[in-house]
>>> print(open('input06.pdb').read())   # PDB, C-alpha atoms
MODEL        1
ATOM      1  CA  MET A1453       8.298   5.666  -1.650
ATOM      2  CA  ASP A1454       5.971   6.252   1.281
ATOM      3  CA  VAL A1455       7.213   3.956   4.063
ATOM      4  CA  ARG A1456       3.711   3.764   5.538
ATOM      5  CA  TYR A1457       2.980   1.261   2.764
ATOM      6  CA  ILE A1458       5.410  -1.230   4.319
ATOM      7  CA  ASN A1459       3.597  -2.083   7.562
ATOM      8  CA  PRO A1460       0.435  -3.526   5.962
ATOM      9  CA  PHE A1461       2.617  -6.058   4.145
ATOM     10  CA  ILE A1462       4.537  -7.010   7.290
ATOM     11  CA  GLU A1463       1.337  -7.489   9.322
ATOM     12  CA  SER A1464      -0.370  -9.398   6.510
ATOM     13  CA  THR A1465       2.584 -11.735   6.021
ATOM     14  CA  ILE A1466       2.612 -12.648   9.715
ATOM     15  CA  HIS A1467      -1.185 -13.151   9.731
ATOM     16  CA  VAL A1468      -1.341 -15.283   6.571
ATOM     17  CA  LEU A1469       1.424 -17.638   7.668
ATOM     18  CA  LYS A1470      -0.041 -17.971  11.165
ATOM     19  CA  THR A1471      -3.570 -18.687   9.919
ATOM     20  CA  MET A1472      -2.893 -20.936   6.931
ATOM     21  CA  ALA A1473       0.414 -22.604   7.881
ATOM     22  CA  PHE A1474       0.506 -22.366  11.703
ATOM     23  CA  THR A1475       3.924 -20.756  11.280
ATOM     24  CA  THR A1476       5.282 -17.925  13.370
ATOM     25  CA  ALA A1477       7.292 -15.469  11.274
ATOM     26  CA  LYS A1478       9.587 -13.006  13.025
ATOM     27  CA  VAL A1479      10.310  -9.786  11.192
ATOM     28  CA  GLY A1480      13.895  -8.524  10.810
ATOM     29  CA  LYS A1481      15.273  -5.120   9.941
ATOM     30  CA  PRO A1482      14.145  -3.732   6.552
ATOM     31  CA  TYR A1483      16.876  -2.731   4.108
ATOM     32  CA  LEU A1484      17.232  -1.169   0.696
ATOM     33  CA  LYS A1485      17.495  -3.837  -2.013
ATOM     34  CA  LYS A1486      20.165  -2.898  -4.514
ATOM     35  CA  ASN A1487      20.020  -5.737  -7.034
ATOM     36  CA  GLU A1488      17.466  -8.006  -8.656
ATOM     37  CA  VAL A1489      18.820 -11.331  -7.376
ATOM     38  CA  ALA A1490      16.224 -13.099  -5.228
ATOM     39  CA  THR A1491      17.150 -13.951  -1.670
ATOM     40  CA  GLY A1492      15.165 -17.193  -1.873
ATOM     41  CA  ASP A1493      14.675 -20.225  -4.122
ATOM     42  CA  VAL A1494      10.938 -19.738  -4.788
ATOM     43  CA  SER A1495       9.445 -16.279  -5.320
ATOM     44  CA  GLY A1496       5.894 -15.099  -5.863
ATOM     45  CA  VAL A1497       5.597 -11.702  -7.583
ATOM     46  CA  ILE A1498       2.438  -9.585  -7.820
ATOM     47  CA  GLY A1499       1.881  -6.291  -9.637
ATOM     48  CA  LEU A1500      -0.383  -3.699  -8.026
ATOM     49  CA  ILE A1501      -2.189  -0.866  -9.786
ATOM     50  CA  GLY A1502      -4.652   1.795  -8.671
ATOM     51  CA  ASP A1503      -4.137   4.931  -6.576
ATOM     52  CA  VAL A1504      -0.449   4.041  -6.551
ATOM     53  CA  LYS A1505       1.568   1.676  -8.717
ATOM     54  CA  GLY A1506       3.752  -0.987  -7.208
ATOM     55  CA  SER A1507       4.771  -4.572  -6.897
ATOM     56  CA  ILE A1508       5.577  -7.002  -4.147
ATOM     57  CA  SER A1509       7.468 -10.252  -4.012
ATOM     58  CA  VAL A1510       7.722 -12.981  -1.420
ATOM     59  CA  SER A1511      10.893 -15.032  -1.769
ATOM     60  CA  PHE A1512      11.325 -18.242   0.259
ATOM     61  CA  ARG A1513      14.391 -20.360   0.922
ATOM     62  CA  GLU A1514      13.759 -23.988  -0.043
ATOM     63  CA  GLU A1515      13.581 -25.427   3.492
ATOM     64  CA  CYS A1516      11.264 -22.620   4.568
ATOM     65  CA  ILE A1517       8.672 -22.999   1.791
ATOM     66  CA  LEU A1518       8.750 -26.805   2.128
ATOM     67  CA  ALA A1519       7.930 -26.512   5.851
ATOM     68  CA  ILE A1520       5.212 -23.911   5.254
ATOM     69  CA  VAL A1521       3.498 -25.889   2.476
ATOM     70  CA  SER A1522       3.788 -29.105   4.515
ATOM     71  CA  ASN A1523       1.836 -27.368   7.273
ATOM     72  CA  MET A1524      -0.723 -25.983   4.820
ATOM     73  CA  PHE A1525      -1.331 -29.394   3.233
ATOM     74  CA  GLY A1526      -0.983 -31.493   6.393
ATOM     75  CA  GLU A1527       1.495 -33.640   4.460
ATOM     76  CA  LYS A1528       5.284 -33.576   4.347
ATOM     77  CA  MET A1529       6.637 -31.946   1.201
ATOM     78  CA  THR A1530      10.231 -32.905   0.405
ATOM     79  CA  GLU A1531      10.997 -31.271  -2.932
ATOM     80  CA  LEU A1532      10.283 -28.117  -4.867
ATOM     81  CA  ASN A1533       7.585 -29.220  -7.287
ATOM     82  CA  ASP A1534       4.565 -27.701  -9.025
ATOM     83  CA  GLU A1535       2.392 -28.047  -5.903
ATOM     84  CA  VAL A1536       4.894 -26.071  -3.822
ATOM     85  CA  LYS A1537       5.221 -23.495  -6.616
ATOM     86  CA  ASP A1538       1.440 -23.152  -6.792
ATOM     87  CA  ALA A1539       1.161 -22.776  -3.007
ATOM     88  CA  ALA A1540       3.848 -20.059  -2.992
ATOM     89  CA  GLY A1541       1.720 -18.153  -5.492
ATOM     90  CA  GLU A1542      -1.366 -18.503  -3.334
ATOM     91  CA  ILE A1543       0.519 -17.342  -0.219
ATOM     92  CA  SER A1544       1.682 -14.254  -2.145
ATOM     93  CA  ASN A1545      -1.889 -13.691  -3.277
ATOM     94  CA  MET A1546      -3.254 -13.835   0.275
ATOM     95  CA  ILE A1547      -0.561 -11.466   1.587
ATOM     96  CA  SER A1548      -1.365  -9.025  -1.220
ATOM     97  CA  GLY A1549      -5.107  -9.293  -0.521
ATOM     98  CA  GLN A1550      -4.771  -8.706   3.214
ATOM     99  CA  ALA A1551      -2.371  -5.802   2.703
ATOM    100  CA  ARG A1552      -4.686  -4.187   0.137
ATOM    101  CA  GLN A1553      -7.513  -4.257   2.679
ATOM    102  CA  LYS A1554      -5.272  -2.384   5.127
ATOM    103  CA  LEU A1555      -4.150   0.056   2.431
ATOM    104  CA  GLU A1556      -7.802   0.737   1.605
ATOM    105  CA  LEU A1557      -8.247   1.954   5.183
ATOM    106  CA  MET A1558      -5.360   4.342   4.506
ATOM    107  CA  GLY A1559      -7.239   5.681   1.462
ATOM    108  CA  ARG A1560      -5.323   3.748  -1.194
ATOM    109  CA  ASN A1561      -7.321   1.429  -3.449
ATOM    110  CA  LEU A1562      -5.306  -1.122  -5.382
ATOM    111  CA  LYS A1563      -5.988  -4.039  -7.682
ATOM    112  CA  ALA A1564      -3.598  -6.968  -7.980
ATOM    113  CA  SER A1565      -2.404  -9.093 -10.867
ATOM    114  CA  ILE A1566      -2.447 -12.889 -10.790
ATOM    115  CA  PRO A1567       0.843 -13.939  -9.115
ATOM    116  CA  ILE A1568       3.829 -15.108 -11.120
ATOM    117  CA  VAL A1569       6.027 -17.689  -9.378
ATOM    118  CA  ILE A1570       9.711 -18.107 -10.196
ATOM    119  CA  MET A1571      11.710 -21.067  -8.921
ATOM    120  CA  GLY A1572      15.446 -21.861  -8.935
ATOM    121  CA  LYS A1573      18.729 -20.814  -7.345
ATOM    122  CA  ASN A1574      19.788 -17.188  -7.911
ATOM    123  CA  HIS A1575      16.781 -16.240 -10.026
ATOM    124  CA  THR A1576      16.022 -12.541 -10.443
ATOM    125  CA  ILE A1577      12.943 -10.505  -9.525
ATOM    126  CA  SER A1578      12.000  -7.481 -11.628
ATOM    127  CA  HIS A1579       9.689  -5.016  -9.919
ATOM    128  CA  MET A1580       7.382  -2.950 -12.087
ATOM    129  CA  THR A1581       8.419   0.363 -10.518
ATOM    130  CA  LYS A1582      11.486   2.519 -10.899
ATOM    131  CA  ASP A1583      11.359   3.506  -7.246
ATOM    132  CA  LYS A1584      13.381   2.082  -4.359
ATOM    133  CA  ILE A1585      12.838  -1.530  -3.354
ATOM    134  CA  ILE A1586      12.501  -2.173   0.362
ATOM    135  CA  ALA A1587      13.328  -5.719   1.468
ATOM    136  CA  ILE A1588      11.991  -7.072   4.749
ATOM    137  CA  PRO A1589      13.606 -10.274   5.994
ATOM    138  CA  PHE A1590      11.659 -12.785   8.105
ATOM    139  CA  THR A1591      12.769 -15.838  10.034
ATOM    140  CA  THR A1592      10.771 -18.929  10.955
ATOM    141  CA  ASP A1593      11.738 -22.100  12.832
ATOM    142  CA  LYS A1594      12.375 -23.700   9.455
ATOM    143  CA  GLY A1595      14.292 -21.033   7.598
ATOM    144  CA  GLU A1596      14.055 -17.605   6.091
ATOM    145  CA  PHE A1597      12.101 -15.652   3.565
ATOM    146  CA  THR A1598      12.033 -12.044   2.402
ATOM    147  CA  ILE A1599       9.305  -9.800   1.116
ATOM    148  CA  GLU A1600      10.136  -6.921  -1.219
ATOM    149  CA  VAL A1601       7.878  -3.921  -1.663
ATOM    150  CA  SER A1602       8.192  -1.110  -4.172
ATOM    151  CA  PHE A1603       5.707   1.706  -4.842
ATOM    152  CA  GLU A1604       5.718   4.880  -6.876
ATOM    153  CA  GLU A1605       3.008   7.575  -6.660
TER     154      GLU A1605
ATOM    155  CA  MET B1477     -21.515 -31.580   9.980
ATOM    156  CA  ASP B1478     -22.382 -33.971   7.150
ATOM    157  CA  PHE B1479     -25.210 -33.092   4.814
ATOM    158  CA  GLY B1480     -24.324 -35.746   2.220
ATOM    159  CA  ILE B1481     -23.911 -32.978  -0.299
ATOM    160  CA  THR B1482     -21.677 -32.423  -3.316
ATOM    161  CA  ILE B1483     -19.555 -29.274  -3.237
ATOM    162  CA  LEU B1484     -18.080 -27.622  -6.337
ATOM    163  CA  ILE B1485     -14.718 -26.020  -5.473
ATOM    164  CA  VAL B1486     -13.560 -23.431  -8.025
ATOM    165  CA  ASP B1487     -10.045 -21.977  -7.746
ATOM    166  CA  ASP B1488      -7.233 -21.559 -10.267
ATOM    167  CA  PHE B1489      -4.710 -22.575  -7.584
ATOM    168  CA  ALA B1490      -4.636 -26.370  -7.152
ATOM    169  CA  SER B1491      -3.005 -25.835  -3.750
ATOM    170  CA  MET B1492      -5.974 -23.768  -2.550
ATOM    171  CA  ARG B1493      -8.465 -26.362  -3.836
ATOM    172  CA  ARG B1494      -6.494 -28.939  -1.875
ATOM    173  CA  ILE B1495      -6.514 -26.819   1.306
ATOM    174  CA  ILE B1496     -10.248 -26.082   1.033
ATOM    175  CA  LYS B1497     -10.964 -29.767   0.382
ATOM    176  CA  GLY B1498      -8.824 -30.792   3.379
ATOM    177  CA  THR B1499     -10.607 -28.284   5.612
ATOM    178  CA  LEU B1500     -14.031 -29.429   4.407
ATOM    179  CA  LYS B1501     -13.088 -33.082   4.997
ATOM    180  CA  SER B1502     -12.028 -32.205   8.546
ATOM    181  CA  ILE B1503     -15.491 -30.782   9.227
ATOM    182  CA  GLY B1504     -17.336 -33.748   7.745
ATOM    183  CA  PHE B1505     -17.838 -33.197   4.012
ATOM    184  CA  ASP B1506     -16.861 -35.933   1.567
ATOM    185  CA  ASN B1507     -18.053 -35.268  -1.966
ATOM    186  CA  PHE B1508     -16.196 -32.734  -4.080
ATOM    187  CA  ILE B1509     -15.946 -31.685  -7.690
ATOM    188  CA  GLU B1510     -13.176 -29.302  -8.711
ATOM    189  CA  ALA B1511     -12.801 -26.673 -11.425
ATOM    190  CA  GLU B1512      -9.959 -24.245 -12.181
ATOM    191  CA  ASP B1513     -12.081 -21.356 -13.467
ATOM    192  CA  GLY B1514     -15.650 -20.234 -14.115
ATOM    193  CA  VAL B1515     -15.779 -21.687 -17.624
ATOM    194  CA  VAL B1516     -14.904 -25.193 -16.425
ATOM    195  CA  ALA B1517     -17.181 -24.769 -13.395
ATOM    196  CA  LEU B1518     -20.223 -23.965 -15.576
ATOM    197  CA  LYS B1519     -19.583 -27.132 -17.597
ATOM    198  CA  LYS B1520     -19.442 -29.177 -14.368
ATOM    199  CA  LEU B1521     -22.698 -27.594 -13.210
ATOM    200  CA  GLU B1522     -24.413 -28.729 -16.419
ATOM    201  CA  LYS B1523     -23.211 -32.308 -15.955
ATOM    202  CA  GLU B1524     -23.295 -32.927 -12.185
ATOM    203  CA  LYS B1525     -25.734 -32.371  -9.360
ATOM    204  CA  ILE B1526     -24.096 -29.683  -7.203
ATOM    205  CA  ASP B1527     -25.465 -28.636  -3.803
ATOM    206  CA  LEU B1528     -22.993 -25.896  -2.859
ATOM    207  CA  ILE B1529     -20.469 -23.762  -4.740
ATOM    208  CA  ILE B1530     -17.265 -22.428  -3.178
ATOM    209  CA  SER B1531     -15.447 -20.130  -5.585
ATOM    210  CA  ASP B1532     -12.387 -17.929  -5.736
ATOM    211  CA  TRP B1533     -12.703 -14.473  -7.335
ATOM    212  CA  ILE B1534      -9.501 -13.781  -9.279
ATOM    213  CA  MET B1535      -9.179 -16.489 -11.933
ATOM    214  CA  PRO B1536      -8.286 -16.492 -15.640
ATOM    215  CA  ASN B1537     -10.874 -17.086 -18.425
ATOM    216  CA  MET B1538     -13.949 -16.422 -16.268
ATOM    217  CA  ASN B1539     -13.448 -14.881 -12.843
ATOM    218  CA  GLY B1540     -15.506 -15.635  -9.742
ATOM    219  CA  LEU B1541     -17.777 -12.593 -10.069
ATOM    220  CA  GLU B1542     -18.617 -13.414 -13.691
ATOM    221  CA  PHE B1543     -19.223 -17.021 -12.660
ATOM    222  CA  LEU B1544     -21.457 -15.883  -9.766
ATOM    223  CA  LYS B1545     -23.514 -13.710 -12.144
ATOM    224  CA  ALA B1546     -23.851 -16.617 -14.599
ATOM    225  CA  VAL B1547     -25.034 -18.940 -11.801
ATOM    226  CA  LYS B1548     -27.500 -16.483 -10.276
ATOM    227  CA  GLY B1549     -28.795 -15.519 -13.714
ATOM    228  CA  ASP B1550     -29.652 -19.099 -14.650
ATOM    229  CA  SER B1551     -32.955 -20.485 -13.356
ATOM    230  CA  LYS B1552     -31.451 -24.006 -13.159
ATOM    231  CA  PHE B1553     -28.654 -22.960 -10.805
ATOM    232  CA  LYS B1554     -29.738 -19.773  -9.039
ATOM    233  CA  ASP B1555     -30.843 -21.562  -5.844
ATOM    234  CA  ILE B1556     -27.491 -23.311  -5.300
ATOM    235  CA  PRO B1557     -25.772 -21.581  -2.346
ATOM    236  CA  PHE B1558     -22.692 -19.707  -3.577
ATOM    237  CA  VAL B1559     -19.844 -18.870  -1.185
ATOM    238  CA  MET B1560     -16.999 -16.661  -2.393
ATOM    239  CA  VAL B1561     -13.642 -17.570  -0.782
ATOM    240  CA  THR B1562     -11.137 -15.000  -1.928
ATOM    241  CA  ALA B1563      -8.183 -12.809  -1.018
ATOM    242  CA  GLU B1564     -10.196  -9.828  -2.345
ATOM    243  CA  GLY B1565     -11.509  -8.338   0.894
ATOM    244  CA  GLN B1566     -11.897  -4.697  -0.067
ATOM    245  CA  LYS B1567     -15.312  -3.147   0.593
ATOM    246  CA  GLY B1568     -16.082  -2.583  -3.079
ATOM    247  CA  ASN B1569     -15.475  -6.249  -3.869
ATOM    248  CA  VAL B1570     -17.713  -7.501  -1.081
ATOM    249  CA  LEU B1571     -20.531  -5.132  -2.115
ATOM    250  CA  GLU B1572     -20.223  -6.141  -5.754
ATOM    251  CA  ALA B1573     -20.531  -9.820  -4.803
ATOM    252  CA  ILE B1574     -23.507  -9.130  -2.523
ATOM    253  CA  ASN B1575     -25.236  -7.209  -5.312
ATOM    254  CA  ALA B1576     -24.645 -10.163  -7.625
ATOM    255  CA  GLY B1577     -26.367 -12.503  -5.147
ATOM    256  CA  VAL B1578     -23.533 -14.198  -3.263
ATOM    257  CA  ASN B1579     -24.794 -16.173  -0.235
ATOM    258  CA  ASN B1580     -21.684 -15.701   1.881
ATOM    259  CA  TYR B1581     -18.204 -14.223   1.585
ATOM    260  CA  ILE B1582     -14.992 -15.481   3.196
ATOM    261  CA  VAL B1583     -11.712 -13.581   2.985
ATOM    262  CA  LYS B1584      -8.518 -15.657   2.768
ATOM    263  CA  PRO B1585      -6.719 -16.560   4.939
ATOM    264  CA  PHE B1586      -9.461 -18.373   6.839
ATOM    265  CA  THR B1587      -9.584 -20.773   9.751
ATOM    266  CA  PRO B1588     -11.533 -24.077   9.625
ATOM    267  CA  GLU B1589     -13.882 -22.564  12.245
ATOM    268  CA  THR B1590     -14.716 -19.612   9.987
ATOM    269  CA  LEU B1591     -15.382 -21.870   7.014
ATOM    270  CA  GLN B1592     -17.556 -24.180   9.115
ATOM    271  CA  ALA B1593     -19.583 -21.327  10.640
ATOM    272  CA  LYS B1594     -20.240 -19.659   7.273
ATOM    273  CA  LEU B1595     -21.186 -22.930   5.578
ATOM    274  CA  GLN B1596     -23.585 -23.782   8.396
ATOM    275  CA  LYS B1597     -25.342 -20.473   7.762
ATOM    276  CA  VAL B1598     -25.805 -20.984   4.027
ATOM    277  CA  LEU B1599     -26.834 -24.635   4.370
ATOM    278  CA  LYS B1600     -29.543 -24.007   6.972
TER     279      LYS B1600
ENDMDL
END
>>> encode(input="input06.pdb", output="structure tokens")
Amino acid sequence: MDVRYINPFIESTIHVLKTMAFTTAKVGKPYLKKNEVATGDVSGVIGLIGDVKGSISVSFREECILAIVSNMFGEKMTELNDEVKDAAGEISNMISGQARQKLELMGRNLKASIPIVIMGKNHTISHMTKDKIIAIPFTTDKGEFTIEVSFEE
Amino acid sequence: MDFGITILIVDDFASMRRIIKGTLKSIGFDNFIEAEDGVVALKKLEKEKIDLIISDWIMPNMNGLEFLKAVKGDSKFKDIPFVMVTAEGQKGNVLEAINAGVNNYIVKPFTPETLQAKLQKVLK
């Protein structure tokens, strides 16, 4: 997998959360993901097709997504419900959209699927590629989340 | 910024409809009708008096571009300002929407200031 595809997703994640949820996300050290178990409790997954094939996921710990959605809605969210699930999908969608704009500038045109959101402890995420999965952890004031990116040419 | 107008918000994500509605309320708009895709939105257009359409692009059943083409191709609705608010910000998408007659285009994520400025332009 071409590691140049990683940065657009990191930058887009930081931008989306800052703009829509007034949340500062600090990026940690990327690592190779070796299993399918999600690091978070709510995950949005999007398939990407076009010049390259890939998929991304954004997996939030419960306290983190509750804080982010509370900021987005301007109302305190206290439990993982359908509204939070829906918002996690939309966040994933915006990150994918922003990153695809950046990838277009690198000469890679991609279309995205409608996000799928999975909720629950220890759920699994299946990427649509057979290539390596790079996980990028982020921290916020209210907890952690991880994005996973996998592409094959 | 209050034009006493009714805005049709079309997005398959209820959370995004809620965020757009909240942002519009904060800049002075009060009357909203919601739809989760283009099919439902066209039905609402037939029944209600709509002054402005804000629509997502990627939606099931009828996507935002198909909905835009249906609106602009119908003499009853073609003059209603249509603003696309979408995560699809690639050049090809924007051009396709412009060719189909979109009045303005906002790429998510957006700030309230961006939404306000673009709406002011189309409502002038």
>>> resolve_selection(input="input06.pdb", expression="the PyMOL selection byres ((chain B and resi 1565) around 10)", output="PDB file with C-alpha atoms, keeping the file's coordinate frame")
ATOM      1  CA  MET A1546      -3.254 -13.835   0.275  1.00  0.00           C
ATOM      2  CA  GLY A1549      -5.107  -9.293  -0.521  1.00  0.00           C
ATOM      3  CA  GLN A1550      -4.771  -8.706   3.214  1.00  0.00           C
ATOM      4  CA  ALA A1551      -2.371  -5.802   2.703  1.00  0.00           C
ATOM      5  CA  ARG A1552      -4.686  -4.187   0.137  1.00  0.00           C
ATOM      6  CA  GLN A1553      -7.513  -4.257   2.679  1.00  0.00           C
ATOM      7  CA  LYS A1554      -5.272  -2.384   5.127  1.00  0.00           C
ATOM      8  CA  GLU A1556      -7.802   0.737   1.605  1.00  0.00           C
TER       9      GLU A1556
ATOM     10  CA  VAL B1561     -13.642 -17.570  -0.782  1.00  0.00           C
ATOM     11  CA  THR B1562     -11.137 -15.000  -1.928  1.00  0.00           C
ATOM     12  CA  ALA B1563      -8.183 -12.809  -1.018  1.00  0.00           C
ATOM     13  CA  GLU B1564     -10.196  -9.828  -2.345  1.00  0.00           C
ATOM     14  CA  GLN B1566     -11.897  -4.697  -0.067  1.00  0.00           C
ATOM     15  CA  LYS B1567     -15.312  -3.147   0.593  1.00  0.00           C
ATOM     16  CA  GLY B1568     -16.082  -2.583  -3.079  1.00  0.00           C
ATOM     17  CA  ASN B1569     -15.475  -6.249  -3.869  1.00  0.00           C
ATOM     18  CA  VAL B1570     -17.713  -7.501  -1.081  1.00  0.00           C
ATOM     19  CA  TYR B1581     -18.204 -14.223   1.585  1.00  0.00           C
ATOM     20  CA  ILE B1582     -14.992 -15.481   3.196  1.00  0.00           C
ATOM     21  CA  VAL B1583     -11.712 -13.581   2.985  1.00  0.00           C
ATOM     22  CA  LYS B1584      -8.518 -15.657   2.768  1.00  0.00           C
TER      23      LYS B1584
END
>>> resolve_selection(input="input06.pdb", expression="the ChimeraX specification (/B :<10) & /A", output="MDAnalysis selection string")
chainID A and resid 1464 1467:1473 1521 1524:1526 1534:1543 1545:1557 1561:1566
>>> resolve_selection(input="input06.pdb", expression="the PyMOL selection byres ((chain A and resi 1495) around 7)", output="PyMOL selection string")
chain A and resi 1492-1494+1496-1497+1509-1512+1569-1571
>>> axis_aligned_box(input="input06.pdb", around="range 1575-1587 of chain A", padding_each_side="4 Å", output="JSON")
{"center_x": 12.1, "center_y": -6.4, "center_z": -5.3, "size_x": 17.4, "size_y": 27.7, "size_z": 21.6}
>>> residues_around(input="input06.pdb", residues="range 1475-1491 of chain A", least_positions_apart="3", cutoff="6 Å", atoms="only C-alpha atoms", output="list in words")
Ile1466, Leu1469, Lys1470, Asn1574, His1575, Thr1576, Ile1577, Ile1585, Ile1586, Ala1587, Ile1588, Pro1589, Phe1590, Thr1591 and Thr1592 of chain A
>>> atom_distance(input="input06.pdb", atom1="CA of Gly1549 in chain B", atom2="CA of Phe1508 in chain B")
23.4 Å
>>> atom_distance(input="input06.pdb", atom1="CA of Asp1503 in chain A", atom2="CA of Arg1560 in chain A")
5.6 Å
>>> closest_residue(input="input06.pdb", among="B:Leu1571, B:Val1515, B:Lys1525, B:Ile1530", to="Ala1546 in chain B", atoms="all atoms listed in the file")
B:Val1515
>>> residues_around(input="input06.pdb", residues="Lys1552 in chain B", least_positions_apart="2", cutoff="12 Å", atoms="all atoms listed in the file", output="number ranges by chain")
B: 1518, 1521-1522, 1525-1526, 1546-1550, 1554-1556
>>> atom_distance(input="input06.pdb", atom1="CA of Glu1463 in chain A", atom2="CA of Phe1597 in chain A")
14.7 Å
>>> closest_residue(input="input06.pdb", among="B:Leu1591, B:Leu1599, B:Val1578, B:Ala1573", to="Leu1500 in chain B", atoms="only C-alpha atoms")
B:Leu1591
>>> build_atoms(input="input06.pdb", residues="range 1526-1532 of chain A", atoms="all heavy atoms", output="JSON list (two decimals), in the frame of the given file")
[["chain", "number", "residue", "atom", "x", "y", "z"],
["A", 1526, "GLY", "N", -0.90, -30.40, 5.42],
["A", 1526, "GLY", "CA", -0.98, -31.49, 6.39],
["A", 1526, "GLY", "C", -0.28, -32.73, 5.88],
["A", 1526, "GLY", "O", -0.65, -33.86, 6.19],
["A", 1527, "GLU", "N", 0.75, -32.52, 5.05],
["A", 1527, "GLU", "CA", 1.50, -33.64, 4.46],
["A", 1527, "GLU", "C", 2.91, -33.17, 4.19],
["A", 1527, "GLU", "O", 3.11, -32.05, 3.72],
["A", 1527, "GLU", "CB", 0.82, -34.02, 3.14],
["A", 1527, "GLU", "CG", 1.46, -35.17, 2.42],
["A", 1527, "GLU", "CD", 0.87, -35.36, 1.01],
["A", 1527, "GLU", "OE1", -0.33, -35.12, 0.83],
["A", 1527, "GLU", "OE2", 1.64, -35.73, 0.12],
["A", 1528, "LYS", "N", 3.90, -34.02, 4.49],
["A", 1528, "LYS", "CA", 5.28, -33.58, 4.35],
["A", 1528, "LYS", "C", 5.67, -33.39, 2.88],
["A", 1528, "LYS", "O", 5.54, -34.31, 2.08],
["A", 1528, "LYS", "CB", 6.22, -34.59, 5.02],
["A", 1528, "LYS", "CG", 7.67, -34.17, 5.01],
["A", 1528, "LYS", "CD", 8.34, -34.45, 6.35],
["A", 1528, "LYS", "CE", 9.78, -33.96, 6.36],
["A", 1528, "LYS", "NZ", 9.90, -32.52, 6.51],
["A", 1529, "MET", "N", 6.15, -32.22, 2.56],
["A", 1529, "MET", "CA", 6.64, -31.95, 1.20],
["A", 1529, "MET", "C", 8.16, -31.98, 1.26],
["A", 1529, "MET", "O", 8.77, -31.36, 2.13],
["A", 1529, "MET", "CB", 6.17, -30.57, 0.72],
["A", 1529, "MET", "CG", 4.66, -30.34, 0.77],
["A", 1529, "MET", "SD", 3.67, -31.52, -0.15],
["A", 1529, "MET", "CE", 3.99, -30.99, -1.83],
["A", 1530, "THR", "N", 8.78, -32.71, 0.33],
["A", 1530, "THR", "CA", 10.23, -32.90, 0.40],
["A", 1530, "THR", "C", 11.00, -32.30, -0.75],
["A", 1530, "THR", "O", 12.22, -32.27, -0.76],
["A", 1530, "THR", "CB", 10.56, -34.42, 0.48],
["A", 1530, "THR", "OG1", 9.94, -35.04, -0.65],
["A", 1530, "THR", "CG2", 10.03, -35.03, 1.76],
["A", 1531, "GLU", "N", 10.28, -31.86, -1.79],
["A", 1531, "GLU", "CA", 11.00, -31.27, -2.93],
["A", 1531, "GLU", "C", 10.21, -30.11, -3.53],
["A", 1531, "GLU", "O", 8.99, -30.04, -3.38],
["A", 1531, "GLU", "CB", 11.25, -32.33, -4.01],
["A", 1531, "GLU", "CG", 9.98, -32.96, -4.49],
["A", 1531, "GLU", "CD", 10.19, -33.89, -5.69],
["A", 1531, "GLU", "OE1", 11.29, -33.90, -6.24],
["A", 1531, "GLU", "OE2", 9.23, -34.57, -6.07],
["A", 1532, "LEU", "N", 10.94, -29.25, -4.20],
["A", 1532, "LEU", "CA", 10.28, -28.12, -4.87],
["A", 1532, "LEU", "C", 9.62, -28.63, -6.14],
["A", 1532, "LEU", "O", 10.30, -28.98, -7.10],
["A", 1532, "LEU", "CB", 11.30, -27.04, -5.21],
["A", 1532, "LEU", "CG", 11.99, -26.34, -4.03],
["A", 1532, "LEU", "CD1", 12.95, -25.27, -4.52],
["A", 1532, "LEU", "CD2", 10.97, -25.75, -3.07]]
